[in-house]
$ cat model_24.cif   # mmCIF, C-alpha atoms and all ligand atoms
data_model
#
loop_
_atom_site.label_atom_id
_atom_site.label_comp_id
_atom_site.auth_asym_id
_atom_site.auth_seq_id
_atom_site.Cartn_x
_atom_site.Cartn_y
_atom_site.Cartn_z
CA MET A 1133 -19.99 -21.89 -13.45
CA THR A 1134 -18.77 -23.43 -16.69
CA THR A 1135 -16.90 -26.65 -16.29
CA ASP A 1136 -17.78 -28.50 -19.51
CA THR A 1137 -15.01 -29.33 -21.93
CA GLN A 1138 -16.04 -26.73 -24.52
CA HIS A 1139 -15.68 -23.87 -22.05
CA PRO A 1140 -13.36 -25.11 -19.33
CA VAL A 1141 -12.69 -22.78 -16.45
CA ARG A 1142 -9.23 -21.29 -16.93
CA VAL A 1143 -9.33 -18.44 -14.44
CA VAL A 1144 -10.19 -18.53 -10.72
CA GLN A 1145 -10.67 -15.74 -8.17
CA LEU A 1146 -8.66 -16.32 -5.02
CA GLY A 1147 -10.37 -13.58 -3.01
CA GLY A 1148 -9.88 -10.05 -1.78
CA LEU A 1149 -11.22 -8.54 -5.00
CA MET A 1150 -13.55 -5.57 -5.28
CA PRO A 1151 -17.11 -6.31 -6.52
CA PHE A 1152 -16.61 -4.62 -9.90
CA VAL A 1153 -13.44 -6.64 -10.55
CA ARG A 1154 -15.25 -9.83 -9.58
CA GLU A 1155 -18.01 -8.95 -12.03
CA TRP A 1156 -15.52 -8.24 -14.80
CA LEU A 1157 -13.79 -11.58 -14.18
CA SER A 1158 -17.09 -13.47 -14.12
CA GLU A 1159 -18.34 -11.84 -17.31
CA ARG A 1160 -15.13 -12.12 -19.29
CA TYR A 1161 -13.77 -15.48 -18.19
CA ALA A 1162 -16.64 -17.07 -16.23
CA ALA A 1163 -14.09 -17.10 -13.41
CA PRO A 1164 -15.56 -18.60 -10.23
CA LEU A 1165 -14.49 -17.91 -6.67
CA ARG A 1166 -12.10 -20.47 -5.29
CA GLU A 1167 -14.78 -21.90 -3.00
CA ASP A 1168 -17.14 -22.40 -5.96
CA LEU A 1169 -14.56 -24.05 -8.19
CA GLY A 1170 -15.28 -27.73 -8.70
CA ASP A 1171 -12.56 -29.57 -10.58
CA PRO A 1172 -9.40 -27.41 -10.56
CA ALA A 1173 -7.98 -29.12 -13.66
CA GLY A 1174 -7.28 -26.64 -16.45
CA VAL A 1175 -7.21 -23.55 -14.24
CA THR A 1176 -4.05 -21.75 -15.32
CA VAL A 1177 -4.64 -18.24 -13.94
CA ALA A 1178 -5.51 -17.15 -10.40
CA VAL A 1179 -6.49 -13.55 -9.66
CA VAL A 1180 -5.97 -12.27 -6.12
CA GLY A 1181 -6.25 -8.92 -4.36
CA GLY A 1182 -6.80 -6.99 -1.19
CA GLY A 1183 -4.06 -8.81 0.65
CA ALA A 1184 -5.68 -12.27 0.21
CA ARG A 1185 -2.99 -14.94 0.24
CA ALA A 1186 -1.55 -16.75 -2.74
CA GLY A 1187 0.89 -19.12 -1.11
CA ALA A 1188 1.89 -22.79 -1.31
CA GLU A 1189 -1.52 -23.94 -0.05
CA GLU A 1190 -3.40 -22.07 -2.80
CA MET A 1191 -0.89 -23.30 -5.40
CA ASP A 1192 -1.26 -26.91 -4.18
CA ALA A 1193 -5.01 -26.66 -4.74
CA LEU A 1194 -4.52 -25.60 -8.39
CA PRO A 1195 -2.29 -28.21 -10.05
CA ASP A 1196 -2.33 -26.54 -13.51
CA LEU A 1197 -1.69 -23.01 -12.24
CA ARG A 1198 0.79 -21.05 -14.37
CA ALA A 1199 0.07 -17.38 -13.49
CA ILE A 1200 -0.96 -15.37 -10.44
CA VAL A 1201 -2.38 -11.94 -11.29
CA ASN A 1202 -2.37 -9.59 -8.30
CA PHE A 1203 -4.73 -6.60 -7.97
CA GLY A 1204 -2.30 -4.18 -6.29
CA VAL A 1205 1.24 -2.97 -6.76
CA GLY A 1206 2.36 -4.56 -3.50
CA TYR A 1207 2.53 -8.36 -3.75
CA ASP A 1208 3.74 -9.39 -0.31
CA ASN A 1209 0.52 -11.46 -0.16
CA VAL A 1210 1.95 -13.69 -2.92
CA ASP A 1211 4.71 -16.20 -2.20
CA VAL A 1212 6.74 -15.24 -5.27
CA ALA A 1213 9.69 -17.51 -4.45
CA GLU A 1214 7.36 -20.51 -4.16
CA ALA A 1215 5.62 -19.50 -7.40
CA GLN A 1216 8.96 -19.23 -9.21
CA ARG A 1217 10.00 -22.63 -7.89
CA ARG A 1218 6.85 -24.07 -9.49
CA GLY A 1219 7.24 -22.16 -12.77
CA ILE A 1220 4.29 -19.91 -11.98
CA VAL A 1221 4.62 -16.28 -13.11
CA VAL A 1222 3.23 -13.35 -11.09
CA SER A 1223 2.02 -9.88 -12.08
CA ASN A 1224 1.05 -6.74 -10.14
CA THR A 1225 -0.47 -3.33 -11.03
CA PRO A 1226 2.38 -0.77 -11.07
CA ASP A 1227 2.23 2.81 -12.39
CA VAL A 1228 -1.55 3.16 -12.60
CA LEU A 1229 -1.79 3.86 -8.86
CA THR A 1230 1.40 5.91 -8.44
CA ASP A 1231 -0.35 9.29 -8.50
CA ALA A 1232 -3.18 8.34 -6.15
CA VAL A 1233 -0.88 6.81 -3.53
CA ALA A 1234 1.66 9.65 -3.85
CA ASP A 1235 -1.19 12.15 -3.40
CA LEU A 1236 -2.26 10.39 -0.22
CA ALA A 1237 1.31 10.28 1.13
CA ALA A 1238 1.70 14.02 0.56
CA ILE A 1239 -1.75 14.71 2.04
CA LEU A 1240 -0.85 12.77 5.19
CA VAL A 1241 2.40 14.74 5.54
CA VAL A 1242 0.42 17.98 5.27
CA ASP A 1243 -2.21 16.62 7.67
CA VAL A 1244 0.22 15.62 10.43
CA LEU A 1245 2.08 18.94 10.16
CA ARG A 1246 -1.00 21.20 9.89
CA GLY A 1247 -3.32 19.10 12.05
CA ILE A 1248 -6.14 19.02 9.51
CA THR A 1249 -8.12 16.07 10.82
CA ALA A 1250 -7.37 17.07 14.44
CA ALA A 1251 -8.74 20.55 13.60
CA ASP A 1252 -11.86 18.96 12.11
CA ARG A 1253 -12.39 17.06 15.38
CA PHE A 1254 -11.76 20.31 17.28
CA VAL A 1255 -14.68 21.96 15.49
CA ARG A 1256 -17.01 18.94 15.59
CA THR A 1257 -16.54 18.29 19.30
CA GLY A 1258 -17.44 21.89 20.08
CA ALA A 1259 -14.00 22.88 21.39
CA TRP A 1260 -13.91 25.90 19.08
CA ALA A 1261 -17.42 26.99 20.07
CA ARG A 1262 -16.43 26.71 23.74
CA GLY A 1263 -13.66 29.23 23.11
CA GLU A 1264 -10.78 26.77 23.32
CA LYS A 1265 -7.72 27.50 21.21
CA MET A 1266 -6.48 25.06 18.60
CA PRO A 1267 -2.74 24.57 19.21
CA LEU A 1268 -0.45 26.06 16.55
CA THR A 1269 0.79 23.60 13.95
CA ARG A 1270 3.88 23.33 11.76
CA ASP A 1271 4.83 24.70 8.33
CA VAL A 1272 5.33 22.29 5.44
CA ARG A 1273 7.65 24.84 3.83
CA GLY A 1274 11.12 24.19 5.16
CA ALA A 1275 10.23 20.87 6.79
CA VAL A 1276 12.62 18.03 6.03
CA VAL A 1277 10.64 15.13 4.63
CA GLY A 1278 12.55 11.85 4.65
CA VAL A 1279 11.31 9.37 2.07
CA LEU A 1280 12.11 5.80 3.07
CA GLY A 1281 12.07 3.93 -0.24
CA LEU A 1282 12.51 6.17 -3.26
CA GLY A 1283 10.72 4.07 -5.88
CA ARG A 1284 8.00 5.24 -8.25
CA ILE A 1285 5.57 6.25 -5.51
CA GLY A 1286 8.27 7.70 -3.24
CA THR A 1287 9.57 9.86 -6.07
CA ALA A 1288 6.10 11.10 -7.00
CA ALA A 1289 5.34 11.91 -3.33
CA ALA A 1290 8.64 13.79 -3.01
CA GLU A 1291 7.83 15.86 -6.12
CA ARG A 1292 4.48 16.84 -4.63
CA LEU A 1293 6.02 17.81 -1.30
CA GLU A 1294 8.71 19.88 -3.02
CA VAL A 1295 5.88 22.01 -4.44
CA PHE A 1296 4.87 22.69 -0.82
CA GLY A 1297 8.43 23.83 -0.11
CA ALA A 1298 9.56 20.78 1.85
CA GLU A 1299 13.21 19.74 1.71
CA ILE A 1300 13.51 16.15 0.49
CA HIS A 1301 15.89 13.59 1.94
CA TYR A 1302 15.72 9.86 1.24
CA HIS A 1303 17.07 6.41 1.91
CA SER A 1304 17.00 3.56 -0.59
CA ARG A 1305 19.28 0.55 -0.94
CA SER A 1306 21.54 2.71 -3.12
CA PRO A 1307 21.66 6.43 -4.03
CA LYS A 1308 19.54 7.40 -7.05
CA GLY A 1309 20.48 9.95 -9.68
CA VAL A 1310 18.46 12.70 -8.00
CA ALA A 1311 19.33 16.04 -6.41
CA TRP A 1312 17.73 15.09 -3.06
CA THR A 1313 19.88 14.29 -0.01
CA TYR A 1314 20.76 10.62 0.43
CA HIS A 1315 21.24 8.90 3.80
CA ASP A 1316 22.80 5.46 4.05
CA SER A 1317 20.46 4.05 6.72
CA PRO A 1318 16.87 4.45 7.97
CA VAL A 1319 18.23 5.73 11.32
CA ALA A 1320 20.33 8.42 9.62
CA LEU A 1321 17.35 9.45 7.47
CA ALA A 1322 15.03 9.60 10.50
CA ALA A 1323 17.55 11.68 12.45
CA ALA A 1324 17.58 14.28 9.64
CA SER A 1325 13.78 14.29 9.10
CA ASP A 1326 10.84 16.23 10.50
CA VAL A 1327 8.52 13.73 8.80
CA LEU A 1328 9.57 10.20 7.86
CA VAL A 1329 7.42 8.79 5.04
CA VAL A 1330 7.46 5.02 4.59
CA LEU A 1331 7.17 4.02 0.93
CA THR A 1332 9.09 0.75 0.76
CA PRO A 1333 7.59 -2.50 -0.48
CA GLY A 1334 6.31 -4.88 2.22
CA GLY A 1335 7.53 -8.43 2.73
CA ALA A 1336 10.41 -10.12 4.53
CA GLY A 1337 13.04 -7.64 3.33
CA THR A 1338 11.43 -4.68 5.11
CA ASP A 1339 9.68 -6.36 8.04
CA GLY A 1340 10.06 -4.12 11.12
CA LEU A 1341 12.46 -1.78 9.30
CA VAL A 1342 11.03 1.18 11.22
CA ASP A 1343 11.84 0.02 14.74
CA ALA A 1344 12.35 1.74 18.09
CA ALA A 1345 15.80 2.97 17.04
CA VAL A 1346 14.42 4.63 13.90
CA LEU A 1347 11.56 6.20 15.87
CA ASP A 1348 13.97 7.48 18.53
CA ALA A 1349 16.13 8.99 15.79
CA LEU A 1350 13.02 10.75 14.41
CA GLY A 1351 12.62 12.29 17.85
CA PRO A 1352 9.99 14.15 19.88
CA GLU A 1353 9.38 16.76 17.15
CA GLY A 1354 9.19 14.17 14.36
CA TYR A 1355 6.22 12.56 12.63
CA LEU A 1356 5.86 9.17 10.97
CA VAL A 1357 3.73 8.65 7.85
CA ASN A 1358 3.11 5.14 6.51
CA VAL A 1359 1.26 4.45 3.25
CA ALA A 1360 3.24 1.32 2.36
CA ARG A 1361 2.62 -1.75 4.51
CA GLY A 1362 1.93 -2.06 8.21
CA SER A 1363 4.59 -4.76 8.44
CA VAL A 1364 7.35 -2.21 7.73
CA VAL A 1365 6.72 -0.48 11.07
CA ASP A 1366 7.08 -2.17 14.46
CA GLU A 1367 3.58 -1.20 15.61
CA ASP A 1368 4.22 -1.90 19.31
CA ALA A 1369 7.32 0.29 19.17
CA LEU A 1370 5.26 3.00 17.44
CA VAL A 1371 2.56 2.94 20.13
CA ALA A 1372 5.24 3.03 22.85
CA ALA A 1373 7.04 5.95 21.17
CA LEU A 1374 3.77 7.94 20.85
CA GLU A 1375 2.75 7.22 24.43
CA ALA A 1376 6.14 8.31 25.77
CA GLY A 1377 6.21 11.44 23.59
CA ARG A 1378 9.34 10.14 21.86
CA ILE A 1379 7.78 11.10 18.51
CA ALA A 1380 5.26 13.89 17.85
CA GLY A 1381 2.61 12.01 15.90
CA ALA A 1382 1.80 9.76 12.95
CA GLY A 1383 -0.30 9.48 9.81
CA LEU A 1384 -1.13 5.86 9.02
CA ASP A 1385 -2.98 4.35 6.04
CA VAL A 1386 -1.75 0.80 6.72
CA PHE A 1387 -1.53 -1.46 9.76
CA ALA A 1388 0.07 -4.73 10.77
CA ASP A 1389 -3.20 -6.67 11.05
CA GLU A 1390 -5.82 -4.87 8.94
CA PRO A 1391 -8.55 -3.96 9.61
CA ARG A 1392 -7.48 -4.17 13.27
CA VAL A 1393 -6.06 -0.87 14.53
CA PRO A 1394 -4.43 -0.94 17.96
CA ALA A 1395 -6.88 0.50 20.52
CA ALA A 1396 -4.12 2.74 21.88
CA LEU A 1397 -3.97 4.54 18.52
CA LEU A 1398 -7.74 5.05 18.26
CA GLU A 1399 -7.72 7.23 21.36
CA ARG A 1400 -4.92 9.54 20.31
CA ASP A 1401 -5.38 13.01 18.82
CA ASP A 1402 -1.84 13.09 17.43
CA VAL A 1403 -2.42 10.31 14.90
CA VAL A 1404 -4.34 10.33 11.64
CA LEU A 1405 -5.85 6.92 10.89
CA LEU A 1406 -7.04 5.90 7.42
CA PRO A 1407 -8.50 2.53 6.29
CA HIS A 1408 -5.88 1.63 3.61
CA VAL A 1409 -7.21 4.00 0.95
CA GLY A 1410 -4.00 5.00 -0.88
CA SER A 1411 -5.27 3.75 -4.24
CA ALA A 1412 -8.98 3.90 -3.41
CA THR A 1413 -10.33 6.27 -6.06
CA VAL A 1414 -12.80 5.30 -8.76
CA GLU A 1415 -10.34 6.18 -11.53
CA THR A 1416 -7.35 4.40 -10.02
CA ARG A 1417 -9.17 1.25 -8.98
CA GLU A 1418 -10.70 0.99 -12.48
CA ALA A 1419 -7.25 1.39 -14.03
CA MET A 1420 -5.93 -1.33 -11.71
CA GLY A 1421 -8.84 -3.56 -12.73
CA ARG A 1422 -8.15 -2.98 -16.42
CA LEU A 1423 -4.49 -3.86 -15.91
CA VAL A 1424 -5.54 -7.07 -14.18
CA LEU A 1425 -7.67 -7.98 -17.25
CA ASP A 1426 -4.79 -7.03 -19.59
CA ASN A 1427 -2.54 -9.41 -17.69
CA VAL A 1428 -5.07 -12.24 -17.74
CA ASP A 1429 -5.76 -11.68 -21.47
CA ALA A 1430 -2.06 -11.58 -22.33
CA PHE A 1431 -1.41 -14.75 -20.39
CA LEU A 1432 -4.34 -16.67 -21.88
CA ASP A 1433 -3.52 -15.44 -25.43
CA ARG A 1434 0.24 -15.79 -25.54
CA GLY A 1435 1.48 -17.04 -22.19
CA GLU A 1436 2.96 -13.67 -21.19
CA LEU A 1437 2.15 -11.11 -18.53
CA VAL A 1438 2.05 -7.36 -19.24
CA THR A 1439 3.46 -6.33 -15.86
CA PRO A 1440 5.36 -9.29 -14.42
CA VAL A 1441 7.20 -9.03 -11.11
CA GLY A 1442 10.57 -10.47 -10.18
C1 LIG B 1501 -4.79 -1.83 -2.45
C2 LIG B 1501 -2.27 -1.60 -2.26
O1 LIG B 1501 -5.36 -1.49 -1.24
O2 LIG B 1501 -1.57 -1.70 -4.49
C3 LIG B 1501 -1.31 -1.96 -3.33
O3 LIG B 1501 -0.26 -2.52 -3.01
O4 LIG B 1501 -1.99 -1.69 -1.12
C4 LIG B 1501 -3.58 -1.02 -2.63
O5 LIG B 1501 -3.58 -0.50 -3.89
C5 LIG B 1501 -4.86 -3.28 -2.53
O6 LIG B 1501 -3.80 -3.92 -3.08
C6 LIG B 1501 -6.15 -3.65 -3.21
O7 LIG B 1501 -6.27 -4.98 -3.37
#
$ encode --input "model_24.cif" --output "structure tokens"
Amino acid sequence: MTTDTQHPVRVVQLGGLMPFVREWLSERYAAPLREDLGDPAGVTVAVVGGGARAGAEEMDALPDLRAIVNFGVGYDNVDVAEAQRRGIVVSNTPDVLTDAVADLAAILVVDVLRGITAADRFVRTGAWARGEKMPLTRDVRGAVVGVLGLGRIGTAAAERLEVFGAEIHYHSRSPKGVAWTYHDSPVALAAASDVLVVLTPGGAGTDGLVDAAVLDALGPEGYLVNVARGSVVDEDALVAALEAGRIAGAGLDVFADEPRVPAALLERDDVVLLPHVGSATVETREAMGRLVLDNVDAFLDRGELVTPVG
């Protein structure tokens, strides 16, 4: 670690970063991990990812901090209000992961309707060989897919599902200039949907947005897909709704307390469970890593971020 005055440490890694990003940060900026940082004086940029926290405590420990660069489009792990109060700017990694996450959202919709992973289990466990019959599934064509949160990723997911012949409905804070059907509340959207796809940001504004009332509106033939944040869905209400047959099933890439998945979900055949892999492709993660470096470079060179939030 370089702490002499000629090469003072200006960038620190707060945690949650993939090994290749950590290597890039070490090579380019000699950026140590937080726990290896000696004197924090002169550290102006903190890089964080994977849901690791950047809150008041982390900011207190870095008195010269001026920028927080987040590896991820979602930045509910960063206390942006606290950062703003301290004059610290924050960036995320939008756009470069839109296609990968939208792909995964559409794939989960297809999976819950067509039972792809359940069918895979059916073969592997020998049910097919024993002469059992796989239950019939549901068409994507004609299904109403309700997108909760029609931002960049929600729009891209809707476009993919339209190609499959799904009918797109949505709810956002206000109607967008699109031809899809708008609903003015999550409950109204769920009531109209065969599959409700959660694509809102996380954070306080959406905490528990998909609650028991939304799940009841989705109904016993309806499926929930969540590729946004676990916090958006009341997980206890989801488990209760599945157990009571008040919804038909779910496809989940995100959970309230990752990597903990409620035991009740692990046992169910009507849920698809993924380990938060929406953006987890080589190409997309590299693009996210490059955007992180672009933000750090831009901040160190001219005090600006390429993709600031807020
Ligand atoms: C990543 C994500 O899993 O971008 C996001 O908001 O949830 C994912 O791309 C994560 O942020 C990687 O650190």
$ residues_around --input "model_24.cif" --residues "Leu1245 of chain A" --least-positions-apart "5" --cutoff "7 Å" --atoms "all atoms listed in the file" --output "PyMOL selection string"
chain A and resi 1269-1272
$ write_last_selection --input "model_24.cif" --atoms "C-alpha atoms" --output "PDB file, in the frame of the given file"
ATOM      1  CA  THR A1269       0.790  23.600  13.950  1.00  0.00           C
ATOM      2  CA  ARG A1270       3.880  23.330  11.760  1.00  0.00           C
ATOM      3  CA  ASP A1271       4.830  24.700   8.330  1.00  0.00           C
ATOM      4  CA  VAL A1272       5.330  22.290   5.440  1.00  0.00           C
TER       5      VAL A1272
END
$ residues_around --input "model_24.cif" --residues "segment 1321-1326 of chain A" --least-positions-apart "5" --cutoff "8 Å" --atoms "only C-alpha atoms" --output "VMD selection string"
chain A and resid 1275 to 1278 1280 1301 to 1303 1314 to 1316 1346 to 1347 1349 to 1351 1353 to 1355
$ axis_aligned_box --input "model_24.cif" --around "segment 1185-1194 of chain A" --padding-each-side "3 Å" --output "AutoDock Vina command-line options"
--center_x -1.6 --center_y -20.9 --center_z -4.1 --size_x 12.9 --size_y 18.0 --size_z 14.6
$ residues_near_ligand --input "model_24.cif" --ligand "ligand LIG 1501 (chain B)" --cutoff "6 Å" --atoms "all atoms listed in the file" --output "JSON, numbers by chain"
{"A": [1181, 1182, 1183, 1203, 1204, 1205, 1206, 1408, 1411]}
$ write_last_selection --input "model_24.cif" --atoms "C-alpha atoms" --output "tab-separated table (two decimals), in the frame of the given file"
chain	number	residue	atom	x	y	z
A	1181	GLY	CA	-6.25	-8.92	-4.36
A	1182	GLY	CA	-6.80	-6.99	-1.19
A	1183	GLY	CA	-4.06	-8.81	0.65
A	1203	PHE	CA	-4.73	-6.60	-7.97
A	1204	GLY	CA	-2.30	-4.18	-6.29
A	1205	VAL	CA	1.24	-2.97	-6.76
A	1206	GLY	CA	2.36	-4.56	-3.50
A	1408	HIS	CA	-5.88	1.63	3.61
A	1411	SER	CA	-5.27	3.75	-4.24
$ atom_distance --input "model_24.cif" --atom1 "atom CA of Ile1285 of chain A" --atom2 "atom CA of Ala1396 of chain A"
29.3 Å
$ atom_distance --input "model_24.cif" --atom1 "atom CA of Ala1360 of chain A" --atom2 "atom CA of Asp1227 of chain A"
14.9 Å
$ atom_distance --input "model_24.cif" --atom1 "atom CA of Val1364 of chain A" --atom2 "atom CA of Gly1442 of chain A"
20.0 Å
$ closest_residue --input "model_24.cif" --among "A:Thr1230, A:Asn1358, A:Ser1306, A:Gln1145" --to "Arg1292 of chain A" --atoms "only C-alpha atoms"
A:Thr1230
$ closest_residue --input "model_24.cif" --among "A:Ala1430, A:Leu1282, A:Val1295, A:Val1143" --to "Gly1309 of chain A" --atoms "only C-alpha atoms"
A:Leu1282
$ residues_near_point --input "model_24.cif" --point "(-0.5, -16.3, -2.0)" --cutoff "9 Å" --atoms "all atoms listed in the file" --output "ChimeraX atom specification"
/A:1146,1180,1183-1191,1200,1207-1212,1215
$ residues_around --input "model_24.cif" --residues "Val1428 of chain A" --least-positions-apart "4" --cutoff "8 Å" --atoms "all atoms listed in the file" --output "compact mmCIF listing (two decimals) with C-alpha atoms, in the coordinates of the input"
# COMPACT_ATOMS: atom_id res chain seq x y z
CA VAL A 1177 -4.64 -18.24 -13.94
CA VAL A 1201 -2.38 -11.94 -11.29
CA VAL A 1424 -5.54 -7.07 -14.18
CA LEU A 1432 -4.34 -16.67 -21.88
CA LEU A 1437 2.15 -11.11 -18.53
$ closest_residue --input "model_24.cif" --among "A:Leu1165, A:Gln1216, A:Leu1293, A:Ala1320" --to "Val1441 of chain A" --atoms "only C-alpha atoms"
A:Gln1216
$ closest_residue --input "model_24.cif" --among "A:Leu1406, A:Leu1425, A:Ile1300, A:Val1222" --to "Phe1387 of chain A" --atoms "only C-alpha atoms"
A:Leu1406
$ residues_near_point --input "model_24.cif" --point "(-5.6, 4.4, 4.8)" --cutoff "8 Å" --atoms "only C-alpha atoms" --output "list in words"
Val1359, Leu1384, Asp1385, Val1386, Leu1405, Leu1406, Pro1407, His1408, Val1409 and Gly1410 of chain A
$ write_last_selection --input "model_24.cif" --atoms "C-alpha atoms" --output "PDB file, in the frame of the given file"
ATOM      1  CA  VAL A1359       1.260   4.450   3.250  1.00  0.00           C
ATOM      2  CA  LEU A1384      -1.130   5.860   9.020  1.00  0.00           C
ATOM      3  CA  ASP A1385      -2.980   4.350   6.040  1.00  0.00           C
ATOM      4  CA  VAL A1386      -1.750   0.800   6.720  1.00  0.00           C
ATOM      5  CA  LEU A1405      -5.850   6.920  10.890  1.00  0.00           C
ATOM      6  CA  LEU A1406      -7.040   5.900   7.420  1.00  0.00           C
ATOM      7  CA  PRO A1407      -8.500   2.530   6.290  1.00  0.00           C
ATOM      8  CA  HIS A1408      -5.880   1.630   3.610  1.00  0.00           C
ATOM      9  CA  VAL A1409      -7.210   4.000   0.950  1.00  0.00           C
ATOM     10  CA  GLY A1410      -4.000   5.000  -0.880  1.00  0.00           C
TER      11      GLY A1410
END
$ closest_residue --input "model_24.cif" --among "A:Asp1348, A:Asp1196, A:Glu1299, A:Asp1339" --to "Gly1362 of chain A" --atoms "only C-alpha atoms"
A:Asp1339
$ closest_residue --input "model_24.cif" --among "A:Ala1162, A:Leu1169, A:Val1404, A:Ala1336" --to "Asp1252 of chain A" --atoms "all atoms listed in the file"
A:Val1404
$ residues_around --input "model_24.cif" --residues "Asp1243 of chain A" --least-positions-apart "6" --cutoff "9 Å" --atoms "all atoms listed in the file" --output "ChimeraX atom specification"
/A:1249-1250,1383,1404
$ residues_around --input "model_24.cif" --residues "Asp1231 of chain A" --least-positions-apart "4" --cutoff "12 Å" --atoms "only C-alpha atoms" --output "PyMOL selection string"
chain A and resi 1226-1227+1235-1239+1284-1292+1410-1413+1415-1417+1419
$ build_atoms --input "model_24.cif" --residues "segment 1229-1235 of chain A" --atoms "all heavy atoms" --output "compact mmCIF listing (two decimals), in the coordinates of the input"
# COMPACT_ATOMS: atom_id res chain seq x y z
N LEU A 1229 -1.38 3.32 -10.16
CA LEU A 1229 -1.79 3.86 -8.86
C LEU A 1229 -0.77 4.81 -8.26
O LEU A 1229 -0.97 5.34 -7.16
CB LEU A 1229 -2.13 2.74 -7.87
CG LEU A 1229 -1.19 1.55 -7.74
CD1 LEU A 1229 0.18 1.93 -7.31
CD2 LEU A 1229 -1.78 0.51 -6.82
N THR A 1230 0.32 5.07 -8.99
CA THR A 1230 1.40 5.91 -8.44
C THR A 1230 0.87 7.27 -7.98
O THR A 1230 1.16 7.72 -6.87
CB THR A 1230 2.51 6.09 -9.49
OG1 THR A 1230 3.05 4.81 -9.79
CG2 THR A 1230 3.61 7.00 -8.98
N ASP A 1231 0.11 7.94 -8.84
CA ASP A 1231 -0.35 9.29 -8.50
C ASP A 1231 -1.28 9.29 -7.29
O ASP A 1231 -1.13 10.13 -6.40
CB ASP A 1231 -1.06 9.94 -9.70
CG ASP A 1231 -0.06 10.38 -10.77
OD1 ASP A 1231 1.09 10.70 -10.41
OD2 ASP A 1231 -0.43 10.38 -11.96
N ALA A 1232 -2.21 8.35 -7.26
CA ALA A 1232 -3.18 8.34 -6.15
C ALA A 1232 -2.48 8.09 -4.82
O ALA A 1232 -2.77 8.75 -3.81
CB ALA A 1232 -4.26 7.28 -6.40
N VAL A 1233 -1.55 7.14 -4.80
CA VAL A 1233 -0.88 6.81 -3.53
C VAL A 1233 0.08 7.94 -3.14
O VAL A 1233 0.18 8.30 -1.96
CB VAL A 1233 -0.16 5.45 -3.62
CG1 VAL A 1233 0.52 5.12 -2.29
CG2 VAL A 1233 -1.14 4.34 -3.99
N ALA A 1234 0.76 8.52 -4.14
CA ALA A 1234 1.66 9.65 -3.85
C ALA A 1234 0.86 10.84 -3.32
O ALA A 1234 1.30 11.54 -2.41
CB ALA A 1234 2.44 10.03 -5.10
N ASP A 1235 -0.31 11.08 -3.91
CA ASP A 1235 -1.19 12.15 -3.40
C ASP A 1235 -1.48 11.91 -1.92
O ASP A 1235 -1.37 12.81 -1.09
CB ASP A 1235 -2.55 12.16 -4.14
CG ASP A 1235 -2.48 12.74 -5.54
OD1 ASP A 1235 -1.44 13.33 -5.90
OD2 ASP A 1235 -3.48 12.60 -6.28
